[in-house]
>>> print(open('entry-v7.cif').read())   # mmCIF, C-alpha atoms and all ligand atoms
data_query
#
loop_
_atom_site.label_atom_id
_atom_site.label_comp_id
_atom_site.auth_asym_id
_atom_site.auth_seq_id
_atom_site.Cartn_x
_atom_site.Cartn_y
_atom_site.Cartn_z
CA MET A 30 0.00 0.00 0.00
CA VAL A 31 1.26 3.48 -0.82
CA ILE A 32 0.53 6.04 1.89
CA THR A 33 0.40 9.43 0.22
CA ASN A 34 0.35 12.86 1.75
CA SER A 35 -3.19 14.11 1.35
CA ALA A 36 -4.07 17.61 0.23
CA GLU A 37 -6.72 17.57 2.97
CA HIS A 38 -3.99 17.89 5.57
CA THR A 39 -3.99 21.45 6.78
CA GLY A 40 -2.01 23.58 9.17
CA PRO A 41 -2.19 27.17 10.36
CA GLY A 42 -1.38 29.91 7.90
CA PRO A 43 -3.06 32.18 5.41
CA GLY A 44 -5.98 30.45 3.73
CA ARG A 45 -5.49 27.22 5.69
CA GLY A 46 -7.85 25.91 8.33
CA PRO A 47 -6.86 25.26 11.93
CA ILE A 48 -4.88 22.10 12.73
CA ALA A 49 -7.62 19.56 13.32
CA LEU A 50 -7.02 17.81 16.65
CA MET A 51 -10.78 17.84 17.16
CA LEU A 52 -11.83 15.19 14.67
CA GLY A 53 -11.84 11.48 15.42
CA HIS A 54 -11.55 10.76 11.72
CA PRO A 55 -9.11 8.30 10.15
CA ASP A 56 -5.89 9.50 8.57
CA PRO A 57 -7.04 10.69 5.10
CA ALA A 58 -3.90 9.22 3.48
CA THR A 59 -5.00 5.68 4.46
CA LEU A 60 -8.37 5.73 2.68
CA ALA A 61 -8.17 5.60 -1.13
CA THR A 62 -5.44 2.95 -1.34
CA PRO A 63 -4.64 1.13 -4.61
CA GLU A 64 -5.96 -2.09 -3.00
CA PHE A 65 -9.26 -0.46 -2.19
CA ARG A 66 -9.59 1.00 -5.70
CA SER A 67 -8.89 -2.48 -7.15
CA ALA A 68 -11.57 -3.99 -4.92
CA VAL A 69 -14.09 -1.42 -6.19
CA ALA A 70 -13.16 -2.29 -9.80
CA ALA A 71 -13.30 -6.06 -9.17
CA ALA A 72 -16.64 -5.81 -7.36
CA THR A 73 -18.20 -3.73 -10.14
CA ASP A 74 -16.88 -6.17 -12.81
CA ALA A 75 -18.27 -9.25 -11.05
CA PRO A 76 -21.32 -10.93 -12.66
CA ASP A 77 -23.38 -10.62 -9.46
CA PHE A 78 -22.63 -6.89 -9.15
CA TYR A 79 -26.26 -5.98 -9.89
CA GLU A 80 -27.13 -7.45 -6.46
CA GLY A 81 -25.14 -4.66 -4.86
CA LEU A 82 -27.43 -2.15 -6.55
CA GLN A 83 -30.65 -3.88 -5.47
CA TYR A 84 -32.42 -3.70 -2.08
CA GLY A 85 -30.64 -6.20 0.16
CA LEU A 86 -31.36 -8.74 2.87
CA ASP A 87 -32.41 -7.46 6.29
CA ALA A 88 -29.34 -9.12 7.86
CA GLY A 89 -27.05 -7.68 5.18
CA THR A 90 -25.04 -9.22 2.34
CA ARG A 91 -24.36 -12.89 3.16
CA ASN A 92 -20.72 -13.23 2.09
CA LEU A 93 -19.59 -10.27 4.19
CA ARG A 94 -21.49 -11.59 7.21
CA GLU A 95 -19.70 -14.91 6.78
CA LEU A 96 -16.33 -13.18 6.64
CA LEU A 97 -17.08 -11.27 9.84
CA GLN A 98 -18.39 -14.36 11.62
CA GLU A 99 -15.17 -16.15 10.75
CA LYS A 100 -12.93 -13.25 11.86
CA SER A 101 -14.75 -12.65 15.17
CA SER A 102 -14.90 -16.38 15.95
CA ARG A 103 -11.21 -16.91 15.14
CA GLU A 104 -9.92 -13.88 17.05
CA GLN A 105 -12.04 -14.32 20.14
CA GLY A 106 -12.31 -18.11 20.30
CA LEU A 107 -16.08 -17.96 19.87
CA SER A 108 -18.59 -19.60 17.69
CA ILE A 109 -20.64 -16.80 16.15
CA GLY A 110 -23.32 -18.23 13.88
CA PRO A 111 -25.50 -16.53 11.26
CA ALA A 112 -28.17 -15.89 13.91
CA ASN A 113 -25.73 -13.77 15.96
CA LEU A 114 -24.64 -11.19 13.42
CA MET A 115 -26.17 -8.57 11.15
CA LEU A 116 -24.66 -5.77 9.10
CA VAL A 117 -25.61 -2.22 10.05
CA SER A 118 -25.10 1.19 8.47
CA GLY A 119 -22.20 2.01 10.78
CA ALA A 120 -22.05 1.68 14.56
CA THR A 121 -24.25 4.78 14.69
CA HIS A 122 -27.12 2.83 13.12
CA ALA A 123 -26.74 -0.02 15.62
CA VAL A 124 -26.86 2.40 18.59
CA ASP A 125 -29.91 4.11 17.11
CA VAL A 126 -31.78 0.85 16.46
CA LEU A 127 -31.00 -0.52 19.94
CA ALA A 128 -32.13 2.75 21.56
CA ARG A 129 -35.27 2.79 19.40
CA LEU A 130 -36.23 -0.80 20.22
CA TYR A 131 -34.96 -1.36 23.75
CA ALA A 132 -35.21 2.06 25.41
CA LYS A 133 -38.71 3.24 24.70
CA PRO A 134 -39.28 6.97 25.39
CA GLY A 135 -38.59 7.53 29.07
CA GLY A 136 -36.58 4.30 29.37
CA VAL A 137 -33.43 4.53 31.45
CA VAL A 138 -30.10 4.29 29.62
CA LEU A 139 -26.83 4.20 31.56
CA VAL A 140 -23.79 5.83 29.97
CA GLU A 141 -20.20 6.36 31.05
CA ALA A 142 -18.91 9.74 32.20
CA PRO A 143 -17.30 10.80 29.94
CA THR A 144 -18.72 9.19 26.82
CA TYR A 145 -18.96 9.67 23.06
CA PRO A 146 -21.23 12.75 22.64
CA ASP A 147 -23.01 11.66 19.45
CA THR A 148 -24.51 8.72 21.33
CA LEU A 149 -25.86 11.12 23.98
CA HIS A 150 -27.49 12.94 21.10
CA ILE A 151 -29.11 9.70 19.85
CA PHE A 152 -30.35 8.74 23.34
CA ARG A 153 -31.77 12.23 23.80
CA ASP A 154 -33.49 12.00 20.39
CA HIS A 155 -35.20 8.86 21.72
CA GLN A 156 -36.15 10.69 24.92
CA SER A 157 -34.24 8.26 27.12
CA GLU A 158 -33.67 9.08 30.77
CA LEU A 159 -29.88 9.17 31.01
CA HIS A 160 -27.73 8.35 34.05
CA ALA A 161 -23.94 8.71 34.06
CA ILE A 162 -21.61 6.18 35.66
CA PRO A 163 -18.13 7.52 36.51
CA THR A 164 -14.97 6.09 34.97
CA ASP A 165 -11.31 6.09 35.94
CA GLU A 166 -8.17 5.31 33.95
CA GLY A 167 -9.31 1.65 33.84
CA GLY A 168 -12.74 2.46 32.38
CA LEU A 169 -16.19 2.16 33.94
CA ILE A 170 -16.17 1.96 37.76
CA VAL A 171 -18.17 -1.17 38.43
CA SER A 172 -18.91 -0.40 42.09
CA ALA A 173 -20.43 2.94 41.02
CA LEU A 174 -22.59 1.10 38.48
CA GLU A 175 -23.80 -1.26 41.19
CA GLU A 176 -24.67 1.64 43.49
CA ARG A 177 -26.61 3.37 40.73
CA LEU A 178 -28.47 0.18 39.86
CA ALA A 179 -29.48 -0.29 43.51
CA TRP A 180 -30.64 3.33 43.68
CA LEU A 181 -32.66 2.99 40.47
CA LYS A 182 -34.21 -0.24 41.74
CA ALA A 183 -35.33 1.58 44.88
CA GLN A 184 -37.08 4.07 42.55
CA GLY A 185 -38.78 1.17 40.74
CA LYS A 186 -36.67 1.73 37.61
CA LEU A 187 -35.13 -1.03 35.53
CA PRO A 188 -32.58 0.34 33.04
CA SER A 189 -33.01 -0.62 29.39
CA PHE A 190 -29.26 -1.03 28.94
CA LEU A 191 -25.75 0.21 29.71
CA TYR A 192 -23.84 1.77 26.81
CA THR A 193 -20.09 1.27 27.28
CA ILE A 194 -16.91 1.72 25.20
CA PRO A 195 -14.60 -0.82 26.87
CA THR A 196 -11.68 -0.75 24.41
CA PHE A 197 -9.67 2.41 23.58
CA HIS A 198 -12.46 4.56 24.91
CA ASN A 199 -13.66 7.72 23.19
CA PRO A 200 -12.65 10.15 24.72
CA ARG A 201 -10.54 8.66 27.56
CA GLY A 202 -8.46 6.23 25.48
CA SER A 203 -8.77 3.72 28.36
CA THR A 204 -9.31 -0.05 28.09
CA MET A 205 -11.13 -2.16 30.67
CA SER A 206 -9.10 -5.13 31.90
CA GLU A 207 -10.55 -8.59 31.59
CA ALA A 208 -11.04 -8.67 35.37
CA ARG A 209 -13.09 -5.48 35.25
CA ARG A 210 -15.13 -6.78 32.30
CA ARG A 211 -15.89 -9.92 34.30
CA ALA A 212 -16.91 -7.84 37.33
CA LEU A 213 -19.16 -5.75 35.06
CA LEU A 214 -20.80 -8.90 33.69
CA GLU A 215 -21.37 -10.21 37.20
CA VAL A 216 -23.16 -7.01 38.24
CA ALA A 217 -25.12 -6.93 34.98
CA ASP A 218 -26.19 -10.53 35.53
CA LYS A 219 -27.31 -9.82 39.08
CA HIS A 220 -29.45 -6.90 37.90
CA THR A 221 -30.59 -8.40 34.55
CA LEU A 222 -28.95 -5.47 32.78
CA MET A 223 -28.37 -5.59 29.03
CA ILE A 224 -24.93 -4.34 27.94
CA VAL A 225 -24.34 -2.53 24.65
CA GLU A 226 -20.60 -2.53 24.02
CA ASP A 227 -19.32 -0.18 21.34
CA ASP A 228 -16.09 -1.83 20.21
CA VAL A 229 -15.22 0.19 17.10
CA TYR A 230 -11.57 0.71 18.12
CA ARG A 231 -10.89 -2.96 19.12
CA ASP A 232 -8.65 -3.69 16.12
CA LEU A 233 -6.46 -0.62 16.63
CA SER A 234 -4.26 -1.91 19.43
CA PHE A 235 -0.62 -0.76 19.49
CA ASN A 236 0.61 -3.45 21.90
CA GLY A 237 -0.80 -6.80 20.98
CA PRO A 238 -4.05 -8.48 21.96
CA VAL A 239 -6.73 -6.65 23.94
CA PRO A 240 -9.02 -8.29 26.54
CA ALA A 241 -11.85 -10.39 25.14
CA SER A 242 -15.03 -8.46 24.40
CA CYS A 243 -17.85 -8.49 26.96
CA PHE A 244 -19.84 -10.47 24.37
CA ALA A 245 -17.13 -13.14 24.24
CA LEU A 246 -16.77 -13.29 28.04
CA ALA A 247 -20.54 -13.62 28.44
CA GLN A 248 -21.07 -16.27 25.78
CA GLY A 249 -22.68 -19.42 27.09
CA HIS A 250 -23.98 -17.67 30.23
CA GLY A 251 -27.27 -16.56 28.73
CA GLN A 252 -26.45 -12.88 29.32
CA ARG A 253 -27.65 -10.10 27.10
CA VAL A 254 -24.60 -8.43 25.56
CA CYS A 255 -24.64 -6.66 22.20
CA SER A 256 -21.29 -5.88 20.61
CA ILE A 257 -20.90 -3.29 17.86
CA GLY A 258 -18.10 -3.21 15.27
CA SER A 259 -17.43 -0.88 12.36
CA PHE A 260 -15.41 -0.51 9.17
CA SER A 261 -15.20 3.24 9.85
CA LYS A 262 -11.96 3.16 11.82
CA THR A 263 -10.15 0.34 10.00
CA LEU A 264 -11.23 0.92 6.41
CA ALA A 265 -13.35 3.99 5.60
CA PRO A 266 -16.22 5.78 7.37
CA GLY A 267 -17.77 6.77 4.04
CA LEU A 268 -18.77 3.14 3.51
CA ARG A 269 -21.28 3.53 6.37
CA LEU A 270 -20.88 -0.11 7.25
CA GLY A 271 -20.61 -1.91 10.57
CA TRP A 272 -21.94 -5.00 12.31
CA LEU A 273 -23.88 -6.00 15.37
CA VAL A 274 -23.13 -9.23 17.25
CA ALA A 275 -25.84 -10.14 19.74
CA PRO A 276 -28.05 -12.95 21.03
CA PRO A 277 -30.32 -14.30 18.26
CA ASP A 278 -33.52 -12.73 19.66
CA VAL A 279 -31.87 -9.27 19.65
CA ILE A 280 -30.72 -9.74 16.04
CA GLN A 281 -34.24 -10.85 15.08
CA THR A 282 -35.75 -7.78 16.77
CA CYS A 283 -33.26 -5.42 15.08
CA MET A 284 -33.87 -7.03 11.68
CA ALA A 285 -37.60 -6.51 12.16
CA CYS A 286 -37.08 -2.79 12.89
CA GLY A 287 -38.91 -0.46 10.50
CA THR A 288 -35.77 1.29 9.29
CA THR A 289 -34.05 -2.05 8.54
CA GLN A 290 -37.04 -3.49 6.72
CA MET A 291 -37.92 -0.39 4.71
CA GLY A 292 -34.33 0.12 3.55
CA GLY A 293 -33.49 -3.53 2.93
CA GLY A 294 -30.49 -3.85 5.27
CA ALA A 295 -27.13 -2.07 5.31
CA SER A 296 -25.78 -0.87 1.94
CA PRO A 297 -25.39 -3.94 -0.34
CA PHE A 298 -23.11 -1.88 -2.59
CA SER A 299 -20.64 -1.08 0.21
CA ALA A 300 -20.89 -4.67 1.48
CA GLN A 301 -19.99 -6.11 -1.93
CA VAL A 302 -16.96 -3.87 -2.28
CA VAL A 303 -15.79 -4.62 1.27
CA ALA A 304 -16.34 -8.38 0.83
CA GLN A 305 -14.23 -8.23 -2.34
CA TYR A 306 -11.51 -6.29 -0.48
CA CYS A 307 -11.48 -8.72 2.45
CA ARG A 308 -11.60 -11.84 0.22
CA SER A 309 -8.52 -10.55 -1.60
CA GLY A 310 -6.72 -10.65 1.76
CA HIS A 311 -6.22 -6.87 2.08
CA TRP A 312 -8.06 -5.97 5.27
CA GLU A 313 -5.89 -7.61 7.92
CA PRO A 314 -2.54 -6.34 6.51
CA HIS A 315 -4.20 -2.89 6.22
CA ILE A 316 -5.18 -3.06 9.91
CA ARG A 317 -1.60 -3.97 10.83
CA ARG A 318 -0.32 -0.92 8.92
CA LEU A 319 -2.92 1.30 10.59
CA ARG A 320 -1.72 0.18 14.02
CA ALA A 321 1.81 1.28 13.15
CA ILE A 322 0.60 4.60 11.69
CA TYR A 323 -1.56 5.50 14.69
CA ALA A 324 1.09 4.37 17.19
CA MET A 325 3.55 6.70 15.45
CA ARG A 326 1.00 9.54 15.57
CA ARG A 327 0.31 8.86 19.27
CA ASP A 328 4.06 9.02 19.94
CA LEU A 329 4.39 12.32 18.08
CA MET A 330 1.55 13.86 20.07
CA VAL A 331 2.75 12.59 23.44
CA ALA A 332 6.32 13.80 22.71
CA ALA A 333 4.93 17.26 21.86
CA LEU A 334 2.83 17.30 25.04
CA GLU A 335 5.93 16.45 27.08
CA ARG A 336 7.87 19.18 25.30
CA TYR A 337 5.42 22.06 25.54
CA MET A 338 2.71 21.61 28.17
CA PRO A 339 2.95 23.57 31.42
CA ALA A 340 3.56 21.64 34.64
CA GLU A 341 0.38 20.30 36.28
CA THR A 342 -1.14 19.45 32.91
CA THR A 343 -1.68 15.70 32.66
CA TRP A 344 -2.68 13.45 29.79
CA THR A 345 -3.24 9.83 28.96
CA ARG A 346 -0.98 7.69 26.76
CA PRO A 347 -3.46 5.43 24.99
CA GLU A 348 -2.47 1.91 23.96
CA GLY A 349 -4.70 2.08 20.89
CA GLY A 350 -7.46 4.05 19.18
CA PHE A 351 -7.42 7.74 18.27
CA PHE A 352 -7.50 9.90 21.42
CA VAL A 353 -5.47 11.53 24.18
CA TRP A 354 -7.51 12.85 27.13
CA LEU A 355 -5.91 15.93 28.66
CA THR A 356 -6.54 17.38 32.12
CA LEU A 357 -5.88 21.11 32.32
CA PRO A 358 -3.92 22.62 35.21
CA SER A 359 -5.99 24.58 37.70
CA MET A 360 -6.75 27.95 36.16
CA PRO A 361 -8.85 30.97 37.12
CA SER A 362 -12.14 29.52 38.35
CA THR A 363 -14.01 31.25 35.54
CA VAL A 364 -11.95 29.55 32.79
CA ARG A 365 -13.64 26.59 31.13
CA ALA A 366 -12.28 24.02 28.69
CA GLY A 367 -14.72 25.59 26.21
CA ASP A 368 -12.87 28.93 26.56
CA VAL A 369 -9.53 27.20 25.90
CA GLN A 370 -11.11 25.52 22.87
CA GLN A 371 -12.31 28.84 21.49
CA VAL A 372 -9.05 30.75 21.97
CA ALA A 373 -7.07 27.78 20.60
CA HIS A 374 -9.26 27.75 17.51
CA GLU A 375 -8.57 31.45 16.93
CA ALA A 376 -4.84 30.69 17.37
CA GLY A 377 -4.98 27.94 14.71
CA VAL A 378 -5.65 24.64 16.46
CA ALA A 379 -9.03 22.93 16.84
CA VAL A 380 -9.52 20.72 19.92
CA ALA A 381 -12.61 19.30 21.63
CA GLY A 382 -13.58 20.86 24.98
CA GLY A 383 -14.44 18.27 27.63
CA GLU A 384 -17.94 19.62 28.34
CA ALA A 385 -19.64 17.79 25.44
CA PHE A 386 -18.54 14.39 26.74
CA PHE A 387 -20.53 14.56 29.99
CA LEU A 388 -24.21 14.57 30.81
CA ASP A 389 -23.41 17.42 33.14
CA PRO A 390 -21.11 19.72 31.10
CA HIS A 391 -19.69 21.05 34.36
CA ASP A 392 -17.81 17.76 34.80
CA GLY A 393 -15.84 18.40 31.61
CA HIS A 394 -14.52 21.90 32.36
CA GLN A 395 -10.99 20.69 33.05
CA HIS A 396 -10.61 18.36 30.07
CA LEU A 397 -9.77 18.43 26.38
CA ARG A 398 -9.90 15.55 23.92
CA LEU A 399 -7.02 15.57 21.44
CA ALA A 400 -7.26 13.35 18.37
CA TYR A 401 -3.95 12.35 16.78
CA SER A 402 -5.65 10.35 14.01
CA TYR A 403 -6.47 12.99 11.42
CA ALA A 404 -4.16 16.04 11.30
CA ALA A 405 -0.97 15.71 9.23
CA PRO A 406 1.77 14.08 11.35
CA GLY A 407 3.95 17.13 10.63
CA ASP A 408 1.29 19.39 12.20
CA LEU A 409 0.93 17.54 15.50
CA ASP A 410 3.93 19.25 17.08
CA ALA A 411 2.85 22.74 15.95
CA GLY A 412 -0.73 22.09 17.09
CA ILE A 413 0.33 21.06 20.59
CA ARG A 414 2.81 23.97 20.83
CA THR A 415 0.03 26.44 19.99
CA LEU A 416 -2.34 24.79 22.45
CA ALA A 417 0.29 24.94 25.20
CA GLN A 418 0.78 28.68 24.51
CA VAL A 419 -2.96 29.23 24.87
CA ILE A 420 -3.10 27.29 28.16
CA ASN A 421 -0.09 29.22 29.46
CA GLY A 422 -1.85 32.45 28.50
CA PHE A 423 -4.88 31.51 30.59
CA MET A 424 -2.66 30.53 33.54
CA ARG A 425 -0.82 33.86 33.44
CA SER A 426 -4.16 35.69 33.60
CA GLN A 427 -4.77 34.24 37.12
C1 LIG A 501 -17.10 5.18 20.17
C2 LIG A 501 -17.59 5.41 18.77
N1 LIG A 501 -18.65 4.75 18.32
C3 LIG A 501 -19.13 4.94 17.08
C4 LIG A 501 -18.54 5.84 16.21
C5 LIG A 501 -19.13 6.03 14.84
O1 LIG A 501 -19.03 4.82 14.15
P1 LIG A 501 -19.67 4.63 12.70
O2 LIG A 501 -18.95 5.52 11.74
O3 LIG A 501 -19.46 3.18 12.41
O4 LIG A 501 -21.12 4.97 12.79
C6 LIG A 501 -17.43 6.57 16.64
C7 LIG A 501 -16.81 7.57 15.75
O5 LIG A 501 -16.14 8.48 16.17
C8 LIG A 501 -16.94 6.35 17.94
O6 LIG A 501 -15.88 7.02 18.41
#
>>> encode(input="entry-v7.cif", output="C-alpha cells")
Amino acid sequence: MVITNSAEHTGPGPGRGPIALMLGHPDPATLATPEFRSAVAAATDAPDFYEGLQYGLDAGTRNLRELLQEKSSREQGLSIGPANLMLVSGATHAVDVLARLYAKPGGVVLVEAPTYPDTLHIFRDHQSELHAIPTDEGGLIVSALEERLAWLKAQGKLPSFLYTIPTFHNPRGSTMSEARRRALLEVADKHTLMIVEDDVYRDLSFNGPVPASCFALAQGHGQRVCSIGSFSKTLAPGLRLGWLVAPPDVIQTCMACGTTQMGGGASPFSAQVVAQYCRSGHWEPHIRRLRAIYAMRRDLMVAALERYMPAETTWTRPEGGFFVWLTLPSMPSTVRAGDVQQVAHEAGVAVAGGEAFFLDPHDGHQHLRLAYSYAAPGDLDAGIRTLAQVINGFMRSQ
C-alpha cells in the first residue's frame, strides 16, 4: 500500500484551516489505497454486481457476514453463527436501532462519564432518561454502576441497557481489563442489565491483543450483551458499514425494525466492495499498517505534550485508538475548557472541549480531547505547541 500525503492535511497559515485535533476521523492518506480501488473495480466487474445495486437482505449481504463471523470467531475463540450477526449502516445505526427498540421513550439508559457525545445525542433523540456512571483510567467503575443500579431499583426503575466503550475509549483512550469486564458482567447478571458494548476501536491496538469483548466473556452464560463493530476506523467511514453481534432474539428484533425493513439492510453496494476487499486478503494487513501509523501519531503527540505543556497538565498515553484525554492545570475559576477551545481555535488549532462528553457539562470543564488520528503528522507538534501557549496564557491571567 502506498501512503500518500493528502491535500486535505492542513495547518495554520493564510488560507489554511486550523490544525484539526478535534476530529476522530481516520488519517485521510490511508483511505483511497490502490488495494481499495482495485476492490471497487473487481466488485463492479463481477457478474453478481447488480445485487449490490438492489435492495438487500435485512441481515445484510451474506458473504460479508460470513467473513465477519469467521474473523470474530477466530480472534475471540467464539462460535458466532448466522443468527448472531447482522450488518448495520455504521455503529451509529446499531446504537440508534437498539435505543429505538430497547429504550422506549422515558426508558433509562446508563452511559459512562465521559462518553462519546453523538450517542448522547441519539439517546436524547429517543427521549431516554440518562444516568452517568463515573470512569477512571481503567474504564467504567463497576462499584459505582452497582450503586446506581441499587438506587434505580429503589425508585422502581429497571434500566433498558448500559452503553459502554470498553476498548480504547472515546474520549478517555482507556481499556477495561478482563477482570473489570468480568466484574461488570457479574453485576449486569445480578441486575438483569443488558450491555451494549461499542467496540469500534478494538482492532487498533498498538501493543498486541486486547481483553476479550464483553460479548465473548458472556457467551454461554445466557447474558444479554450486544457488541458493535465498524469498518469506519479500520477501512473507511464513508462506507457507512458496521456490524452487530448479539443474542439471536436481539438480532431478530433489530432485523424486524422499521428502518431495517424499509431500507433492505445495510448498503449492499458497500458490502460487496468490502467483501471483495477482504476476500482478496487486504483488510488484515491494512489493519496492521494502521496500528503502526496511529502508534507513530500517538508518539508524536505525546512527545509534543511532554515538550510544551505547562507543569500540572496531565494526559493519557493510549495503547490504541485515536485519542489523548488531557486534564488542564488549575486555572482561574471562571476559565472553562470551552474557553480554551475557542481561543485555541482562533490561534490555529481545533480541539474538543471536555464539556460535550458529559451529561453534566460542568464535569468536563478541566478536560480536552485531542485526536492524533487525522491532522498531518507534521502538524501535530505545531498544534500542541500552539495549544500549550494558549493554556499558558490563561494561567498567566490568574
Ligand atoms: C465510540 C464510537 N462509536 C461509534 C462511532 C461512529 O461509528 P460509525 O462511523 O461506524 O457509525 C465513533 C466515531 O467516532 C466512535 O468514536
>>> closest_residue(input="entry-v7.cif", among="A:Gly377, A:Pro347, A:Pro266, A:Gly106", to="ligand LIG 501 (chain A)", atoms="all atoms listed in the file")
A:Pro266
>>> residues_near_ligand(input="entry-v7.cif", ligand="ligand LIG 501 (chain A)", cutoff="10 Å", atoms="only C-alpha atoms and all ligand atoms", output="VMD selection string")
chain A and resid 52 to 55 117 to 125 144 to 148 193 to 200 226 to 230 257 to 262 265 to 272 350 to 352
>>> closest_residue(input="entry-v7.cif", among="A:Ile48, A:Ala58, A:Leu319, A:Leu357", to="Thr342 in chain A", atoms="all atoms listed in the file")
A:Leu357
>>> axis_aligned_box(input="entry-v7.cif", around="range 420-427 of chain A", padding_each_side="8 Å", output="lines of an AutoDock Vina configuration file")
center_x = -2.5
center_y = 31.5
center_z = 32.6
size_x = 20.8
size_y = 24.4
size_z = 25.0
>>> atom_distance(input="entry-v7.cif", atom1="CA of Asp218 in chain A", atom2="CA of Pro276 in chain A")
14.8 Å
>>> closest_residue(input="entry-v7.cif", among="A:Ser172, A:Asn113, A:Ala381, A:Arg318", to="Cys255 in chain A", atoms="all atoms listed in the file")
A:Asn113
>>> residues_around(input="entry-v7.cif", residues="Gln370 in chain A", least_positions_apart="2", cutoff="10 Å", atoms="only C-alpha atoms", output="NGL selection string")
:A and (51 or 365-368 or 372-376 or 378-383 or 397 or 416 or 419-420)
>>> atom_distance(input="entry-v7.cif", atom1="CA of Pro134 in chain A", atom2="CA of Leu181 in chain A")
16.9 Å
>>> atom_distance(input="entry-v7.cif", atom1="CA of Tyr84 in chain A", atom2="CA of Thr288 in chain A")
12.9 Å
>>> closest_residue(input="entry-v7.cif", among="A:Phe244, A:Tyr323, A:Trp344, A:Phe423", to="Arg398 in chain A", atoms="all atoms listed in the file")
A:Trp344
>>> decode(input="entry-v7.cif", residues="range 397-410 of chain A", atoms="N, CA, C and O atoms", output="PDB file, in the first residue's frame")
ATOM      1  N   LEU A 397      -9.732  18.285  27.840  1.00  0.00           N
ATOM      2  CA  LEU A 397      -9.771  18.429  26.381  1.00  0.00           C
ATOM      3  C   LEU A 397      -9.545  17.050  25.785  1.00  0.00           C
ATOM      4  O   LEU A 397      -8.751  16.257  26.318  1.00  0.00           O
ATOM      5  N   ARG A 398     -10.228  16.769  24.662  1.00  0.00           N
ATOM      6  CA  ARG A 398      -9.903  15.547  23.915  1.00  0.00           C
ATOM      7  C   ARG A 398      -9.067  15.938  22.711  1.00  0.00           C
ATOM      8  O   ARG A 398      -9.459  16.828  21.943  1.00  0.00           O
ATOM      9  N   LEU A 399      -7.931  15.276  22.556  1.00  0.00           N
ATOM     10  CA  LEU A 399      -7.020  15.571  21.444  1.00  0.00           C
ATOM     11  C   LEU A 399      -6.926  14.336  20.556  1.00  0.00           C
ATOM     12  O   LEU A 399      -6.493  13.271  21.013  1.00  0.00           O
ATOM     13  N   ALA A 400      -7.337  14.478  19.305  1.00  0.00           N
ATOM     14  CA  ALA A 400      -7.258  13.348  18.372  1.00  0.00           C
ATOM     15  C   ALA A 400      -5.952  13.457  17.588  1.00  0.00           C
ATOM     16  O   ALA A 400      -5.650  14.506  17.013  1.00  0.00           O
ATOM     17  N   TYR A 401      -5.199  12.362  17.569  1.00  0.00           N
ATOM     18  CA  TYR A 401      -3.953  12.350  16.781  1.00  0.00           C
ATOM     19  C   TYR A 401      -4.153  11.636  15.450  1.00  0.00           C
ATOM     20  O   TYR A 401      -3.224  11.446  14.678  1.00  0.00           O
ATOM     21  N   SER A 402      -5.392  11.222  15.161  1.00  0.00           N
ATOM     22  CA  SER A 402      -5.650  10.353  14.010  1.00  0.00           C
ATOM     23  C   SER A 402      -5.683  11.094  12.670  1.00  0.00           C
ATOM     24  O   SER A 402      -5.367  10.509  11.641  1.00  0.00           O
ATOM     25  N   TYR A 403      -6.066  12.359  12.680  1.00  0.00           N
ATOM     26  CA  TYR A 403      -6.466  12.994  11.419  1.00  0.00           C
ATOM     27  C   TYR A 403      -5.495  14.065  10.897  1.00  0.00           C
ATOM     28  O   TYR A 403      -5.191  14.104   9.709  1.00  0.00           O
ATOM     29  N   ALA A 404      -5.028  14.942  11.763  1.00  0.00           N
ATOM     30  CA  ALA A 404      -4.157  16.038  11.298  1.00  0.00           C
ATOM     31  C   ALA A 404      -2.872  15.442  10.713  1.00  0.00           C
ATOM     32  O   ALA A 404      -2.480  14.326  11.053  1.00  0.00           O
ATOM     33  N   ALA A 405      -2.229  16.199   9.824  1.00  0.00           N
ATOM     34  CA  ALA A 405      -0.971  15.708   9.234  1.00  0.00           C
ATOM     35  C   ALA A 405       0.041  15.459  10.349  1.00  0.00           C
ATOM     36  O   ALA A 405       0.156  16.271  11.269  1.00  0.00           O
ATOM     37  N   PRO A 406       0.794  14.357  10.291  1.00  0.00           N
ATOM     38  CA  PRO A 406       1.773  14.079  11.348  1.00  0.00           C
ATOM     39  C   PRO A 406       2.691  15.282  11.596  1.00  0.00           C
ATOM     40  O   PRO A 406       3.007  15.608  12.742  1.00  0.00           O
ATOM     41  N   GLY A 407       3.049  15.976  10.497  1.00  0.00           N
ATOM     42  CA  GLY A 407       3.948  17.129  10.626  1.00  0.00           C
ATOM     43  C   GLY A 407       3.304  18.310  11.337  1.00  0.00           C
ATOM     44  O   GLY A 407       3.995  19.261  11.700  1.00  0.00           O
ATOM     45  N   ASP A 408       1.984  18.285  11.519  1.00  0.00           N
ATOM     46  CA  ASP A 408       1.291  19.387  12.199  1.00  0.00           C
ATOM     47  C   ASP A 408       1.043  19.107  13.680  1.00  0.00           C
ATOM     48  O   ASP A 408       0.598  19.999  14.414  1.00  0.00           O
ATOM     49  N   LEU A 409       1.275  17.870  14.106  1.00  0.00           N
ATOM     50  CA  LEU A 409       0.928  17.542  15.496  1.00  0.00           C
ATOM     51  C   LEU A 409       1.758  18.361  16.476  1.00  0.00           C
ATOM     52  O   LEU A 409       1.249  18.901  17.459  1.00  0.00           O
ATOM     53  N   ASP A 410       3.056  18.492  16.190  1.00  0.00           N
ATOM     54  CA  ASP A 410       3.934  19.252  17.081  1.00  0.00           C
ATOM     55  C   ASP A 410       3.483  20.723  17.156  1.00  0.00           C
ATOM     56  O   ASP A 410       3.323  21.276  18.238  1.00  0.00           O
TER      57      ASP A 410
END
